[in-house]
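One structure is given below, encoded as structure tokens.
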Amino acid sequence: MIVTLAPNASTEHIQEISNFLGRSGWKTTPVQTQSARYLVGIGSKEIDLRQVSQHTGVQDVHRVTDVYKLVSRAWKVKPTQIELGDGVVIGEGSLTVMAGPCSIEDEQQVAETVDFLSSQGVQVMRGGAFKPRSSPYSFRGVGLEGLKMFASIARAKRVKVITEVLDVSAIEPMLDYVDVFQVGARNSQNFTLLDELGRVDKPVLLKRGLSGTLEELLQSAEYIFSKGNEKVILCERGIRTYEKAYRNTLDLNAIPYLKEKSHLPVVVDPSHGIGLRKHVPTMALAGAVAGADGLLIEIHRCPEEALSDGAQTLSFEEAAELFKNLEKLAAAGIR
Ligand code: PEP
Ligand code: MN
């Protein structure tokens, strides 16, 4: 159950509601986000919601039977749109392209990518400064100084920055240089990281875990939301299956399913989803047709020279071709 509290609800009123629910066998957790205050009730005892809504301080009450609550459509029917500023919105009704290298490398690479994206009308650039790598001997990113460089070059052209945060201690130093925090597949269930990202007022793009179920993804999103941050974006990036022909299996089923179950925006990452450059554009288009609210795509001036994930990275020419095809889909009303 979700009790939305009236803006003027007093501490005493909230205590009273909570006590009433407690007596009725429901455990409550108070939640305060950027936009409202709630009591999330967990319980299974029969309860008449009208009795709850009669309490002073209650704005409305919803029964939510999903294991996740605040991210559920059962509570909030209207899709969430997340604003990044300068007119950039992620959510229902738009297809927001976020493109850039797997890893930030140097100034020239960032400047060339920003210029390319700007020429294509793409307003969000991805780029990892802190890289989670399977091998400790692989390139692990340019770190905070590199992120500062990335942000200053991108922002000079009004391009937004999405980048991965690996651990709690990095959140604060990164805060001023990030427009969207990315939580990688390997951290999808790092609950202390999710808790802390719930305390910042910045959008968080949360990737599905390598072997994560959709219910687990939604519960991870609930961690962020219930700690106070409503600006959560879900990302399907492929899962591990028995199939070895490609890096991961992009689960396009996830898009309509997540959009049915949750009001949060859903983004697709076809680069990690298939891991094969040749097929990334096809899967990006498929993701768009399946209803994704955005695409996260790896691009590089020269993919062969990329310091990470070159094999799944599009060249600028390939990316431009894909963007043109996305426009054709939009023009045809297919999306
Ligand atoms: C990435 O976006 O470069 C990345 C590391 O992704 P994932 O966490 O999905 O593997
Ligand atoms: Mn990558």
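Chains: A, B, ... in order of the structure tokens. Residues: from 1 per chain. Ligands: from 1, in order shown.
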**Protein and nucleic residues near ligand 2, 8 Å, only C-alpha atoms and all ligand atoms, as a ChimeraX atom specification** = /A:101-103,128,271-272,298,308-309
Residues from last step as file, N, CA and C atoms, as a short mmCIF file (atom, residue, chain, number, x, y, z; two decimals), in the first residue's frame:
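Wrote it out as part-v2.cif, contents follow:
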data_model
loop_
_atom_site.label_atom_id
_atom_site.label_comp_id
_atom_site.auth_asym_id
_atom_site.auth_seq_id
_atom_site.Cartn_x
_atom_site.Cartn_y
_atom_site.Cartn_z
N PRO A 101 31.58 7.20 -26.27
CA PRO A 101 32.47 6.05 -26.13
C PRO A 101 32.17 5.24 -24.87
N CYS A 102 32.62 4.00 -24.89
CA CYS A 102 32.55 3.21 -23.66
C CYS A 102 33.35 3.95 -22.59
N SER A 103 34.59 4.32 -22.94
CA SER A 103 35.46 5.04 -21.99
C SER A 103 35.87 6.39 -22.54
N GLY A 128 32.36 6.52 -19.93
CA GLY A 128 32.79 6.08 -18.61
C GLY A 128 34.13 6.69 -18.24
N SER A 271 24.38 -1.90 -27.53
CA SER A 271 25.83 -2.13 -27.68
C SER A 271 26.27 -3.30 -26.80
N HIS A 272 25.95 -3.20 -25.49
CA HIS A 272 26.26 -4.32 -24.61
C HIS A 272 25.29 -5.47 -24.84
N GLU A 298 27.23 2.95 -27.82
CA GLU A 298 28.66 3.24 -27.82
C GLU A 298 29.13 3.63 -29.22
N SER A 308 38.24 0.55 -24.73
CA SER A 308 37.37 -0.53 -24.23
C SER A 308 36.18 -0.70 -25.15
N ASP A 309 35.72 -1.91 -25.25
CA ASP A 309 34.49 -2.28 -26.00
C ASP A 309 34.47 -1.86 -27.47
#
**Item:** Residues within 10 Å of Arg158 (chain A), only C-alpha atoms, excluding chain neighbours under 5 positions, as a ChimeraX atom specification
**Value:** /A:85-86,114,118,123-124,151-153
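Atom pair CA of Asp179 (chain A) / CA of Thr96 (chain A) has a distance of 14.1 Å (rounded to one decimal).
Residues of protein, DNA or RNA lying at most 6 Å from ligand 1, when only C-alpha atoms and all ligand atoms are considered, are Cys102, Pro132, Gly184, Ala185, Arg186, Arg237 and His272 of chain A.
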Set the distance at 6 Å and use only C-alpha atoms: which residues neighbour Gly143 (chain A) once local chain neighbours fewer than 2 positions away are removed? I'd like the list as a compact mmCIF listing (two decimals) with N, CA, C and O atoms, in the first residue's frame.
# COMPACT_ATOMS: atom_id res chain seq x y z
N ALA A 129 34.21 7.22 -17.03
CA ALA A 129 35.50 7.71 -16.51
C ALA A 129 36.04 6.71 -15.48
O ALA A 129 37.24 6.61 -15.25
N PHE A 130 35.11 5.98 -14.86
CA PHE A 130 35.47 4.91 -13.92
C PHE A 130 34.90 3.63 -14.53
O PHE A 130 33.69 3.49 -14.67
N GLY A 141 39.89 3.42 -16.79
CA GLY A 141 39.27 4.73 -16.88
C GLY A 141 40.19 5.87 -16.48
O GLY A 141 41.19 5.66 -15.80
N GLU A 145 39.56 13.40 -12.83
CA GLU A 145 40.09 14.50 -13.65
C GLU A 145 39.58 14.38 -15.08
O GLU A 145 39.24 15.37 -15.72
N GLY A 146 39.51 13.15 -15.57
CA GLY A 146 38.98 12.91 -16.91
C GLY A 146 37.50 13.27 -17.00
O GLY A 146 37.04 13.82 -17.99
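From CA of His62 (chain A) back to CA of Lys27 (chain A), the distance works out to 15.2 Å.
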